[in-house]
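One structure below.
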Amino acid sequence: MLRILGSVDPLVILKDWLGKAQKNKQLKNSWAMNLCTSDKGQPSARIVLFKYFRGDSLVFFSNYLSRKGQNLQNNAQGAATFYWENPGRQIRIEGKVKKIPRKESVAYWGTRSRESQLSQWLSQQSQPVLNRRTLDALKIEVKQRFKGGPVPCPSHWGGYALSIQRMEFWMEKNHRLHDRFLFKKRKGGWAIQRLFP
């Protein structure tokens, strides 16, 4: 197992695979992950961008009022999947999700482009909108509102940290005899199991 994965520490493996994916010029949005949340039993999935590690957690940013934000308010459990067709690898992650400190969200907000900042102010994410003209009109209003000054970080936007409790590494093999390794967090370390494909 150590020979195949290169380490018995899943965080080391995760960082290695993400680093290789980022360097792979054939991959677009190599840090895109499918995030699944659930509210009262109905799962909901969407693609979000992993931004950085916070200890043993994965950080992503979102509108707190979005569907995912409402799900996480009611059920602070999440699951994420990274998949890269080339070189045929997948990582599945499950764990608790919580908001990161406000100061950290504001600091990251400052690294975003002004256009992205303006878009966040006008978007009522996941809510119905009449048409594209409505979006364009709101963009003009928001540009005027913050003309000549900085765009502050709105209170309805910020980061989340997905704390890793379970992580599975999948490697594509011929004839569907894939390699799968499951890591479960336990006191003082990780339990490791090889799974059937």
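Residues are named by chain letter and number: chains run A, B, ... in the order of the structure tokens, numbers start at 1 in each chain, and ligands are numbered from 1 in the order shown.
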Identify, with DSSP run on backbone atoms, the residues in chain A assigned to strand (DSSP E), and express the list as a ChimeraX atom specification.
/A:32-39,42-49,52-54,57-63,77-84,89-99,157-171,179-186,189-195
Need to verify the contact set: Leu72 in chain A, 12 Å, only C-alpha atoms, exclusion of same-chain residues closer than 6 positions in sequence. Can you return it as a list in words?
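Neighbouring residues, sequence-local ones excluded: Leu35, Cys36, Thr37, Ser38, Asp39, Lys40, Pro43, Ser44, Ser62, Asn63, Tyr64, Leu65, Ser66, Gly78, Ala79, Gly95, Lys96, Val97, Lys98, Lys99, Tyr160, Ala161 and Leu162 of chain A.
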Could you list, with a cut-off of 10 Å and counting only C-alpha atoms, the residues of range 76-151 of chain A near range 177-195 of chain A, each shown with its nearest atom pair and the distance in Å rounded to one decimal, rows sorted by chain and ascending number, as a tab-separated table?
residue	atom	partner	partner_atom	distance
A:Gly88	CA	A:His178	CA	9.8
A:Arg89	CA	A:Asp179	CA	9.7
A:Gln90	CA	A:Arg180	CA	9.4
A:Ile91	CA	A:Arg180	CA	9.6
A:Arg92	CA	A:Leu182	CA	9.1
A:Ile93	CA	A:Phe183	CA	9.6
A:Glu94	CA	A:Lys184	CA	9.6
A:Gly95	CA	A:Lys185	CA	9.9
Considering only C-alpha atoms, return as a list in words whatever protein or nucleic-acid residues lie within 8 Å of Leu118 in chain A, sequence-local ones (same chain, fewer than 4 positions apart) excluded.
Arg114, Leu122, Lys139, Val142, Lys143 and Val151 of chain A
Could you dump the residues just selected with N, CA, C and O atoms as a PDB file, in the first residue's frame?
ATOM      1  N   ARG A 114     -11.834  42.862  -8.857  1.00  0.00           N
ATOM      2  CA  ARG A 114     -12.924  43.798  -8.574  1.00  0.00           C
ATOM      3  C   ARG A 114     -14.230  43.325  -9.224  1.00  0.00           C
ATOM      4  O   ARG A 114     -15.299  43.413  -8.622  1.00  0.00           O
ATOM      5  N   LEU A 122     -24.147  41.669  -6.288  1.00  0.00           N
ATOM      6  CA  LEU A 122     -25.441  41.695  -6.980  1.00  0.00           C
ATOM      7  C   LEU A 122     -26.156  40.351  -6.965  1.00  0.00           C
ATOM      8  O   LEU A 122     -27.365  40.276  -7.141  1.00  0.00           O
ATOM      9  N   LYS A 139     -25.804  44.908 -12.242  1.00  0.00           N
ATOM     10  CA  LYS A 139     -24.349  45.102 -12.328  1.00  0.00           C
ATOM     11  C   LYS A 139     -24.028  46.598 -12.459  1.00  0.00           C
ATOM     12  O   LYS A 139     -23.105  47.102 -11.819  1.00  0.00           O
ATOM     13  N   VAL A 142     -24.567  48.258  -9.043  1.00  0.00           N
ATOM     14  CA  VAL A 142     -23.507  47.939  -8.087  1.00  0.00           C
ATOM     15  C   VAL A 142     -22.215  48.676  -8.435  1.00  0.00           C
ATOM     16  O   VAL A 142     -21.513  49.184  -7.554  1.00  0.00           O
ATOM     17  N   LYS A 143     -21.904  48.774  -9.737  1.00  0.00           N
ATOM     18  CA  LYS A 143     -20.702  49.510 -10.164  1.00  0.00           C
ATOM     19  C   LYS A 143     -20.793  50.971  -9.725  1.00  0.00           C
ATOM     20  O   LYS A 143     -19.814  51.555  -9.258  1.00  0.00           O
ATOM     21  N   VAL A 151     -14.428  47.721  -2.840  1.00  0.00           N
ATOM     22  CA  VAL A 151     -15.652  46.935  -2.710  1.00  0.00           C
ATOM     23  C   VAL A 151     -15.512  46.097  -1.443  1.00  0.00           C
ATOM     24  O   VAL A 151     -14.688  45.179  -1.393  1.00  0.00           O
TER      25      VAL A 151
END
Using CA of Glu115 in chain A and CA of Ala45 in chain A as the two end points, give the distance in Å to one decimal.
25.9 Å
Enumerate as a ChimeraX atom specification all residues of range 16-195 of chain A assigned to alpha helix (DSSP H) by DSSP on the backbone, naming them with the chain letters and numbers the document uses.
/A:16-23,67-74,102-109,114-122,132-145
Pick from A:Leu11, A:Gln124, A:Pro87, A:Arg54 nearest to Lys173 in chain A, counting only C-alpha atoms:
A:Pro87
Excluding Leu27 in chain A and any residue of its chain fewer than 2 positions from it, enumerate the residues within 12 Å of it, using only C-alpha atoms, and give them as a ChimeraX atom specification.
/A:18,20-25,29-32,83-88
Would you mind reading off the distance between CA of Cys153 in chain A and CA of Ile140 in chain A, one decimal, in Å?
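CA of Cys153 in chain A sits 18.4 Å away from CA of Ile140 in chain A.
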Using only C-alpha atoms, which protein or nucleic acid residues come within 7 Å of range 105-113 of chain A? Drop anything in the same chain fewer than 5 positions from it, and give the result as an MDAnalysis selection string.
chainID A and resid 100 153 158:159
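Closest approach to Trp170 in chain A among A:Ser57, A:Gln26, A:Asn71, A:Thr81: A:Thr81, based on only C-alpha atoms.
For the pair CA of Phe60 in chain A and CA of Arg102 in chain A, the interatomic distance is 13.5 Å.
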